[in-house]
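Trainee: The structure file query03.txt (compact mmCIF, C-alpha atoms) is provided below.
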```txt
# COMPACT_ATOMS: atom_id res chain seq x y z
CA MET A 30 47.23 -22.04 37.15
CA ARG A 31 48.18 -18.82 35.53
CA GLU A 32 45.68 -17.74 32.84
CA SER A 33 47.03 -17.57 29.29
CA ILE A 34 47.34 -14.29 27.43
CA PHE A 35 44.92 -15.63 24.81
CA SER A 36 42.18 -16.37 27.38
CA THR A 37 42.65 -12.97 28.98
CA SER A 38 42.36 -11.27 25.60
CA ILE A 39 39.19 -13.18 24.72
CA ARG A 40 37.56 -12.29 28.04
CA SER A 41 38.50 -8.62 27.65
CA PHE A 42 37.11 -8.60 24.13
CA PHE A 43 33.72 -9.94 25.21
CA LYS A 44 33.56 -7.58 28.19
CA THR A 45 34.13 -4.65 25.85
CA LEU A 46 31.62 -6.00 23.33
CA PHE A 47 28.83 -6.45 25.89
CA ALA A 48 29.59 -3.05 27.40
CA MET A 49 29.21 -1.42 23.96
CA LEU A 50 25.97 -3.30 23.33
CA GLY A 51 24.63 -2.17 26.70
CA ILE A 52 25.55 1.44 25.99
CA GLY A 53 23.93 1.24 22.55
CA LEU A 54 20.70 -0.20 23.94
CA GLY A 55 20.70 2.42 26.69
CA ILE A 56 21.03 5.22 24.13
CA MET A 57 18.13 3.76 22.12
CA LEU A 58 15.88 3.59 25.18
CA ILE A 59 16.82 7.09 26.37
CA SER A 60 16.19 8.48 22.88
CA ALA A 61 12.82 6.76 22.77
CA LEU A 62 11.79 8.16 26.15
CA ALA A 63 13.10 11.60 25.18
CA ALA A 64 10.94 11.53 22.06
CA VAL A 65 7.88 11.08 24.26
CA PHE A 66 8.64 14.02 26.56
CA ILE A 67 10.16 16.41 24.01
CA ASN A 68 7.17 16.17 21.66
CA THR A 69 5.27 19.49 21.87
CA GLU A 70 2.42 21.23 20.07
CA ASN A 71 4.94 22.91 17.77
CA GLN A 72 6.50 19.55 16.94
CA PRO A 73 3.68 17.14 16.05
CA GLU A 74 4.50 13.46 15.98
CA THR A 75 5.46 12.31 12.49
CA THR A 76 5.51 8.87 10.93
CA PHE A 77 7.29 9.68 7.67
CA THR A 78 10.71 11.07 6.83
CA PRO A 79 10.99 13.41 3.80
CA GLU A 80 13.42 12.16 1.16
CA ILE A 81 14.45 14.10 -1.93
CA TYR A 82 13.86 12.15 -5.12
CA PRO A 83 15.70 13.03 -8.37
CA ASN A 84 13.89 15.55 -10.54
CA ALA A 85 13.17 14.98 -14.23
CA GLU A 86 16.79 15.82 -15.06
CA GLY A 87 18.21 13.43 -12.44
CA SER A 88 19.26 16.15 -9.95
CA ARG A 89 18.83 15.80 -6.18
CA LYS A 90 20.13 19.25 -5.33
CA VAL A 91 18.55 20.75 -2.20
CA LEU A 92 16.75 24.00 -2.98
CA SER A 93 15.31 26.69 -0.72
CA SER A 94 12.11 26.15 1.25
CA SER A 95 10.26 28.33 -1.27
CA ALA A 96 10.73 25.79 -4.09
CA PRO A 97 7.48 24.11 -5.17
CA VAL A 98 7.20 20.39 -4.41
CA ILE A 99 5.98 17.43 -6.45
CA LEU A 100 4.89 14.76 -3.98
CA LYS A 101 5.75 11.22 -5.11
CA VAL A 102 3.47 8.65 -3.48
CA ASN A 103 4.48 5.01 -3.84
CA ILE A 104 1.66 2.52 -4.27
CA LYS A 105 3.92 -0.52 -4.23
CA GLY A 106 3.03 -3.97 -3.01
CA VAL A 107 -0.22 -5.47 -1.76
CA ILE A 108 -2.81 -2.89 -0.73
CA GLY A 109 -4.11 -3.45 2.78
CA THR A 110 -0.84 -4.59 4.33
CA GLU A 111 0.84 -2.61 7.11
CA ASN A 112 2.91 -0.29 4.91
CA LEU A 113 0.20 0.30 2.28
CA SER A 114 -3.10 0.75 4.06
CA MET A 115 -5.66 3.52 3.86
CA GLN A 116 -4.49 4.68 7.31
CA SER A 117 -0.84 4.95 6.25
CA VAL A 118 -1.67 6.82 3.03
CA ARG A 119 -4.02 9.19 4.84
CA ARG A 120 -1.30 9.90 7.38
CA LEU A 121 1.23 10.47 4.59
CA LEU A 122 -1.07 12.98 2.92
CA VAL A 123 -1.62 14.83 6.20
CA GLU A 124 2.12 15.08 6.82
CA SER A 125 2.64 16.36 3.26
CA ARG A 126 1.11 19.65 4.43
CA GLU A 127 3.27 19.99 7.55
CA GLY A 128 6.88 20.71 8.45
CA THR A 129 9.04 21.34 5.41
CA PHE A 130 5.90 21.15 3.23
CA LYS A 131 3.86 23.81 5.02
CA ASP A 132 2.63 26.96 3.27
CA ASN A 133 1.13 24.96 0.41
CA ARG A 134 4.45 23.87 -1.11
CA VAL A 135 3.02 20.69 -2.65
CA LYS A 136 1.77 21.67 -6.12
CA ALA A 137 1.10 18.21 -7.59
CA VAL A 138 1.10 14.50 -6.78
CA ILE A 139 2.53 11.68 -8.86
CA LEU A 140 1.61 8.12 -7.92
CA ASN A 141 4.23 5.47 -8.61
CA ILE A 142 2.20 2.27 -8.93
CA GLU A 143 3.41 -1.31 -8.89
CA SER A 144 0.67 -3.34 -7.22
CA PRO A 145 -1.49 -6.43 -7.74
CA GLY A 146 -4.22 -4.78 -5.68
CA GLY A 147 -5.45 -5.88 -2.28
CA THR A 148 -8.39 -5.37 0.05
CA VAL A 149 -11.60 -3.69 -1.09
CA ILE A 150 -11.70 -1.44 1.99
CA ASP A 151 -8.14 -0.15 1.69
CA ALA A 152 -8.23 0.36 -2.08
CA ASP A 153 -11.42 2.37 -1.69
CA GLY A 154 -10.01 4.31 1.28
CA ILE A 155 -6.81 5.27 -0.56
CA TYR A 156 -8.79 6.24 -3.67
CA HIS A 157 -11.08 8.56 -1.70
CA ALA A 158 -8.17 10.01 0.32
CA LEU A 159 -6.46 11.01 -2.94
CA LEU A 160 -9.69 12.48 -4.33
CA ALA A 161 -10.21 14.52 -1.16
CA TYR A 162 -6.60 15.76 -1.22
CA LYS A 163 -6.93 16.76 -4.87
CA GLU A 164 -10.14 18.66 -4.22
CA MET A 165 -9.06 20.33 -1.00
CA TYR A 166 -5.70 21.61 -2.21
CA LYS A 167 -6.53 22.00 -5.93
CA VAL A 168 -3.54 19.95 -7.12
CA PRO A 169 -3.37 17.61 -10.12
CA VAL A 170 -2.69 13.90 -9.53
CA TYR A 171 -0.91 11.86 -12.20
CA ALA A 172 -0.09 8.15 -12.03
CA TYR A 173 2.82 6.21 -13.44
CA VAL A 174 2.66 2.41 -13.68
CA ASP A 175 5.99 0.65 -13.42
CA GLY A 176 5.27 -3.06 -13.73
CA LEU A 177 1.78 -4.05 -12.58
CA CYS A 178 -1.36 -2.03 -11.95
CA ALA A 179 -4.04 -4.62 -11.33
CA SER A 180 -7.36 -4.78 -9.54
CA GLY A 181 -7.09 -2.55 -6.43
CA GLY A 182 -4.10 -0.84 -8.05
CA MET A 183 -6.39 0.14 -10.93
CA TYR A 184 -8.98 1.29 -8.40
CA VAL A 185 -6.43 3.64 -6.78
CA ALA A 186 -5.14 4.82 -10.18
CA SER A 187 -8.69 5.97 -10.99
CA ALA A 188 -8.07 8.93 -8.66
CA ALA A 189 -5.46 10.23 -11.14
CA ASP A 190 -6.16 12.78 -13.85
CA LYS A 191 -3.85 10.92 -16.23
CA ILE A 192 -2.22 7.49 -16.16
CA PHE A 193 1.13 6.75 -17.84
CA ALA A 194 2.87 3.38 -18.03
CA SER A 195 6.09 1.76 -19.17
CA SER A 196 5.81 -0.36 -22.30
CA ILE A 197 6.13 -3.65 -20.40
CA SER A 198 3.61 -2.86 -17.68
CA LEU A 199 0.43 -4.91 -17.19
CA ILE A 200 -2.83 -3.11 -16.42
CA GLY A 201 -6.41 -4.11 -15.67
CA SER A 202 -8.04 -6.93 -13.67
CA VAL A 203 -11.28 -5.17 -12.75
CA GLY A 204 -12.90 -7.76 -10.51
CA VAL A 205 -13.51 -8.82 -6.94
CA ILE A 206 -12.92 -12.08 -5.09
CA ALA A 207 -14.43 -13.19 -1.78
CA PRO A 208 -12.72 -15.07 1.04
CA SER A 209 -12.41 -18.80 0.36
CA PHE A 210 -14.70 -21.11 2.31
CA LEU A 211 -13.90 -24.77 3.03
CA ASN A 212 -16.27 -27.51 4.13
CA PHE A 213 -14.90 -30.27 6.37
CA THR A 214 -18.03 -32.34 6.91
CA GLN A 215 -17.00 -35.33 4.72
CA LEU A 216 -13.64 -35.49 6.47
CA MET A 217 -15.36 -35.27 9.87
CA ASP A 218 -17.67 -38.13 8.94
CA LYS A 219 -14.66 -40.30 8.04
CA ILE A 220 -12.86 -39.74 11.30
CA GLY A 221 -16.00 -39.72 13.44
CA VAL A 222 -16.03 -36.11 14.65
CA GLN A 223 -19.17 -34.04 15.29
CA ALA A 224 -19.50 -30.29 15.90
CA LEU A 225 -22.16 -28.04 17.40
CA THR A 226 -22.32 -24.32 16.59
CA LEU A 227 -24.75 -22.11 18.51
CA SER A 228 -25.97 -18.93 16.82
CA ALA A 229 -28.84 -16.44 16.80
CA GLY A 230 -30.07 -14.35 13.90
CA LYS A 231 -31.15 -15.53 10.47
CA GLY A 232 -28.14 -16.41 8.34
CA LYS A 233 -25.61 -15.99 11.16
CA ASP A 234 -24.40 -19.56 10.65
CA GLU A 235 -24.25 -19.43 6.84
CA LEU A 236 -21.36 -21.32 5.20
CA ASN A 237 -20.37 -22.94 8.48
CA PRO A 238 -17.53 -25.32 7.46
CA LEU A 239 -18.49 -27.85 10.14
CA ARG A 240 -21.90 -28.83 8.71
CA PRO A 241 -23.35 -29.54 5.24
CA TRP A 242 -24.30 -26.36 3.39
CA LYS A 243 -27.89 -25.71 2.37
CA PRO A 244 -28.81 -24.60 -1.17
CA GLY A 245 -28.69 -20.80 -1.50
CA GLU A 246 -26.52 -20.14 1.56
CA GLU A 247 -24.03 -18.29 -0.64
CA ASP A 248 -26.62 -15.85 -2.02
CA ALA A 249 -25.99 -13.12 0.56
CA LEU A 250 -22.26 -13.30 -0.10
CA LYS A 251 -22.82 -13.16 -3.85
CA SER A 252 -24.87 -9.98 -3.48
CA ILE A 253 -21.99 -8.30 -1.64
CA ILE A 254 -19.54 -9.39 -4.34
CA GLU A 255 -21.84 -8.01 -7.05
CA TYR A 256 -22.16 -4.72 -5.18
CA TYR A 257 -18.39 -4.32 -4.87
CA TYR A 258 -17.89 -5.34 -8.50
CA HIS A 259 -20.38 -2.85 -9.95
CA ASP A 260 -18.96 -0.12 -7.71
CA PHE A 261 -15.48 -0.90 -9.09
CA VAL A 262 -16.73 -0.86 -12.68
CA ASN A 263 -18.54 2.45 -12.19
CA ILE A 264 -15.52 4.12 -10.59
CA VAL A 265 -13.08 2.98 -13.28
CA THR A 266 -15.33 3.81 -16.24
CA SER A 267 -16.24 7.21 -14.76
CA ALA A 268 -12.56 8.06 -14.32
CA ARG A 269 -11.58 6.56 -17.69
CA PRO A 270 -14.22 7.77 -20.18
CA ALA A 271 -12.47 6.04 -23.11
CA LEU A 272 -13.00 2.69 -21.39
CA SER A 273 -16.26 1.09 -22.54
CA LYS A 274 -18.35 -0.10 -19.60
CA GLU A 275 -20.06 -2.72 -21.74
CA LYS A 276 -16.79 -4.11 -23.11
CA LEU A 277 -15.21 -4.06 -19.67
CA ILE A 278 -17.97 -6.30 -18.32
CA GLU A 279 -18.54 -8.50 -21.37
CA GLU A 280 -15.05 -8.76 -22.93
CA TYR A 281 -12.13 -7.47 -20.87
CA GLY A 282 -13.30 -8.94 -17.59
CA ALA A 283 -10.72 -9.34 -14.83
CA HIS A 284 -7.79 -9.89 -17.20
CA VAL A 285 -4.63 -7.77 -17.33
CA PHE A 286 -3.30 -6.34 -20.58
CA PRO A 287 0.10 -5.13 -21.82
CA ALA A 288 0.38 -1.35 -21.65
CA PRO A 289 -0.15 -0.69 -25.41
CA LYS A 290 -3.35 -2.78 -25.39
CA ALA A 291 -4.45 -1.18 -22.09
CA GLN A 292 -4.04 2.22 -23.75
CA GLU A 293 -6.07 1.08 -26.77
CA TYR A 294 -8.88 -0.15 -24.49
CA GLY A 295 -8.83 3.06 -22.42
CA PHE A 296 -7.40 1.82 -19.10
CA ILE A 297 -4.51 4.30 -19.35
CA ASP A 298 -3.64 7.44 -21.33
CA VAL A 299 -0.09 6.78 -22.49
CA SER A 300 2.15 3.71 -22.73
CA GLY A 301 5.87 3.48 -23.41
CA TYR A 302 6.79 6.36 -21.07
CA SER A 303 9.48 6.49 -18.42
CA PHE A 304 8.81 7.94 -14.97
CA ASN A 305 10.75 11.09 -15.87
CA GLU A 306 8.71 11.59 -19.03
CA ALA A 307 5.50 11.32 -17.01
CA LEU A 308 6.97 13.76 -14.49
CA LYS A 309 7.72 16.25 -17.27
CA GLU A 310 4.10 16.06 -18.40
CA LEU A 311 3.00 16.84 -14.85
CA LEU A 312 5.40 19.81 -14.69
CA LYS A 313 3.86 21.20 -17.89
CA LYS A 314 0.43 20.82 -16.33
CA ILE A 315 1.34 23.07 -13.37
CA GLY A 316 3.41 25.50 -15.46
CA ILE A 317 6.92 24.71 -14.21
CA GLU A 318 9.41 25.19 -17.03
CA ASP A 319 12.72 25.36 -15.13
CA GLN A 320 14.41 23.19 -12.50
CA PHE A 321 13.29 25.25 -9.52
CA TYR A 322 11.22 22.50 -7.89
CA GLN A 323 11.79 19.47 -5.69
CA VAL A 324 10.43 15.95 -5.91
CA TYR A 325 9.85 14.51 -2.45
CA GLN A 326 8.69 11.14 -1.26
CA LEU A 327 7.84 10.36 2.35
CA GLU A 328 9.50 7.23 3.72
CA ASN A 329 8.33 5.39 6.83
CA LYS A 330 11.77 5.24 8.43
CA ASN A 331 11.11 6.44 11.97
CA TRP A 332 12.56 3.65 14.13
CA LEU A 333 11.48 5.48 17.27
CA ASN A 334 7.84 5.17 16.27
CA THR A 335 8.39 1.49 15.56
CA LEU A 336 9.93 1.05 19.00
CA LEU A 337 7.25 3.06 20.81
CA ASN A 338 4.38 1.39 18.98
CA GLY A 339 5.55 -2.01 20.11
CA ASN A 340 6.44 -3.34 16.68
CA PHE A 341 10.08 -4.02 17.55
CA SER A 342 9.61 -7.76 18.02
CA LEU A 343 13.07 -8.51 19.38
CA LEU A 344 12.58 -6.17 22.34
CA LYS A 345 9.26 -7.91 23.06
CA GLY A 346 10.92 -11.32 22.94
CA GLU A 347 9.01 -12.33 19.83
CA VAL A 348 10.22 -14.10 16.72
CA LYS A 349 7.79 -13.98 13.81
CA HIS A 350 7.66 -16.79 11.27
CA LYS A 351 6.09 -16.39 7.83
CA LEU A 352 4.91 -19.16 5.54
CA GLN A 353 4.57 -18.10 1.89
CA LEU A 354 1.62 -19.92 0.30
CA GLY A 355 1.41 -18.07 -3.01
CA ASN A 356 2.66 -15.12 -4.99
CA ASN A 357 0.20 -12.69 -3.42
CA TYR A 358 -0.76 -14.57 -0.27
CA ASN A 359 -0.64 -12.55 2.92
CA PRO A 360 -2.23 -13.46 6.27
CA GLU A 361 -3.37 -9.83 6.64
CA LEU A 362 -5.73 -10.40 3.68
CA MET A 363 -7.47 -13.48 5.04
CA ASP A 364 -11.27 -13.31 5.43
CA GLN A 365 -11.51 -10.07 3.44
CA PHE A 366 -13.09 -9.12 0.14
CA LEU A 367 -10.31 -8.42 -2.34
CA TYR A 368 -9.62 -6.40 -5.46
CA LEU A 369 -6.58 -8.59 -6.04
CA TYR A 370 -4.96 -10.06 -9.14
CA ARG A 371 -3.69 -13.57 -8.37
CA SER A 372 -1.08 -14.44 -10.96
CA GLU A 373 -0.79 -18.04 -9.77
CA GLN A 374 -4.38 -18.84 -10.73
```
Would you mind writing the file's structure down as C-alpha cells?

Mentor:
Amino acid sequence: MRESIFSTSIRSFFKTLFAMLGIGLGIMLISALAAVFINTENQPETTFTPEIYPNAEGSRKVLSSSAPVILKVNIKGVIGTENLSMQSVRRLLVESREGTFKDNRVKAVILNIESPGGTVIDADGIYHALLAYKEMYKVPVYAYVDGLCASGGMYVASAADKIFASSISLIGSVGVIAPSFLNFTQLMDKIGVQALTLSAGKGKDELNPLRPWKPGEEDALKSIIEYYYHDFVNIVTSARPALSKEKLIEEYGAHVFPAPKAQEYGFIDVSGYSFNEALKELLKKIGIEDQFYQVYQLENKNWLNTLLNGNFSLLKGEVKHKLQLGNNYNPELMDQFLYLYRSEQ
C-alpha cells in the first residue's frame, strides 16, 4: 500500500526533530569537554557571571574597565541552601577580585537582603566572609533590606556598616532553634515493636526516639542553643550600638518588627528608603559624585559548571520530587541548628 503524503510528512518531521535534538546535545557535550581542556592558569574556572545592574539613576550603560565598581551581593532566600551558602558567598567574593574586577575595581559592597535566615553555620560563615573582605580590601559594606531580614539575615546584616530598609520591611528575630526531636515509644508499644540501639560514649544515645527519654537528656543540647544564642546577641549588639542588649534579651526577643520600629529599637539605621537611595548614600561614603561607576552583581548562570558538577539531573536519569511542608521548610536544613524565622509558627 502506497504511503500517504501525510504519513510521509509526519515521519520526515520527526526525523528532522530528533536529528536537531541530537546535534544540540552533541554541541552541549563537546562544549562541556572543551571547557575542561581549554581551562588554563590564565583562565581560572569561574562559577559566577558578571551582570551589570542599573546605577542610582537607572542607567545600565557599559563603561570602561577603569570605572569603579559597586558590588551588589544578593542575600535572598533561606541561608544554607545550595545557592546561598557560606561556600557560594565566599566563592563570589573571591571572583569579585578577578577577571573584569581585577586591579581593585570593587570600591564598595551593598547587600540586598530578603531572607528569613537559615543555618547557624552558614549565617556565621557568610558574616565572617564579609568582615574579612571588608578588612582585607578596605571597602565599606552597606545593607539594604527589601522585605524580610530575620534571624540569620540579621546576623549577616551585622557585617554592614549601615543598614537601610524599605518602609514595609520586617527586621529582627534574634534567636536560635534546634532540630526537632520526636519520640515514638508510645506508638511502638501500641503496635508491639521493640528496638535496640548500640552505642559507646556517655551521652551518645541521648534523645534516641526509639526509647523513653531520661530526665536531663536535653541539657547538652540546651547548652549548645544557649551558646549560639548569646553569640548571636553579642554580634548584633556589637554591630548595632543603638540596640540595647538588655532590651533585646528581655523585651524584643525573637520577634520581627516593621522597619520604623526596628529603626527606633536600633536594629537598622534608616527606614523608608529605596535601594537607589541607599546606593546614593554608599556613593557619598566613597566619594563618587558623578555617574562614572558601575553596579555589578554576580549571577550563578554557568550551565557548564552545572553539567560538569553532575547537577544536571536529566542527564543522570534522575527526577527530583519536592514536598513543601511549610513556608520555610527545606530538607537541606534538617538536623541543623537554625537562625531561622518561621512565619507559620

Trainee: Please, what distance in Å, to one decimal, runs between CA of Ile253 in chain A and CA of Ile150 in chain A?

Mentor: 12.9 Å

Trainee: Select, counting all atoms listed in the file, all protein, DNA and RNA residues no farther than 6 Å from (10.0, 11.1, 1.4) in file coordinates, and express the selection as JSON, numbers by chain.

Mentor: {"A": [78, 79, 80, 325, 326, 327, 328]}

Trainee: Using only C-alpha atoms, which of the listed residues (A:Ala288, A:Val170, A:Leu277, A:Leu121) sits closest to Ile200 in chain A?

Mentor: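 Answer, going by the shortest atom-to-atom distance: A:Ala288.
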
Trainee: Could you check which of A:Ile264, A:Val98, A:Leu367, A:Leu236 is closest to Asp151 in chain A, using all atoms listed in the file?

Mentor: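 Closest to Asp151 in chain A of all the choices is A:Leu367.
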
Trainee: Just to confirm, what's the straight-line distance from CA of Ala249 in chain A to CA of Lys233 in chain A in Å (one decimal)?

Mentor: 11.0 Å

Trainee: Which residue gives the smallest distance to Asn84 in chain A among A:Ser202, A:Asn305, A:Lys167, A:Lys313, with all atoms listed in the file counted?

Mentor: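 Between A:Ser202, A:Asn305, A:Lys167, A:Lys313, the residue approaching Asn84 in chain A most closely is A:Asn305.
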
Trainee: With the cut-off set at 12 Å and counting only C-alpha atoms, tabulate each residue of range 265-298 of chain A with an atom at most that distance from an atom of range 256-260 of chain A, showing the nearest atom pair and its distance in Å to one decimal, ordered by chain and increasing number, as a Markdown table.

Mentor:
```
| residue | atom | partner | partner_atom | distance |
| --- | --- | --- | --- | --- |
| A:Val265 | CA | A:Asp260 | CA | 8.7 |
| A:Thr266 | CA | A:Asp260 | CA | 10.1 |
| A:Ser267 | CA | A:Asp260 | CA | 10.5 |
| A:Lys274 | CA | A:His259 | CA | 10.2 |
| A:Glu275 | CA | A:His259 | CA | 11.8 |
| A:Leu277 | CA | A:His259 | CA | 11.1 |
| A:Ile278 | CA | A:His259 | CA | 9.4 |
| A:Gly282 | CA | A:Tyr258 | CA | 10.8 |
| A:Ala283 | CA | A:Tyr258 | CA | 10.4 |
```

Trainee: What would the list of residues within 9 Å of (-4.1, -10.1, -12.3) (file frame) look like as a list in words, if only C-alpha atoms are what count?

Mentor: Pro145, Gly146, Leu177, Cys178, Ala179, Ser180, Leu199, Ile200, Gly201, Ser202, Val203, Ala283, His284, Val285, Leu369, Tyr370, Arg371, Ser372, Glu373 and Gln374 of chain A

Trainee: Please report the interatomic distance between CA of Leu311 in chain A and CA of Phe286 in chain A in Å with one decimal.

Mentor: 24.7 Å

Trainee: Calculated over only C-alpha atoms, which of the candidates A:Ser93, A:Asn133, A:Ser125, A:Thr148 has the smallest distance to Tyr368 in chain A?

Mentor: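 Looking at the shortest contact to Tyr368 in chain A, the residue is A:Thr148.
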
Trainee: Looking at only C-alpha atoms, which of A:Tyr322, A:Asn237, A:Val138, A:Tyr82 is the one that sits closest to Ser94 in chain A?

Mentor: A:Tyr322

Trainee: Nearest to Ala152 in chain A: which of A:Ala172, A:Ile108, A:Ala137, A:Leu54 is it, counting all atoms listed in the file?

Mentor: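 Smallest separation from Ala152 in chain A among the options: A:Ile108.
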
Trainee: Write out as a list in words each polymer residue whose atoms come within 12 Å of Glu247 in chain A, counting only C-alpha atoms; drop sequence neighbours fewer than 6 positions from it.

Mentor: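 The contact residues come out as Ala207, Pro208, Ser209, Phe210, Gly232, Asp234, Glu235, Leu236, Asn237, Ile253 and Ile254 of chain A.
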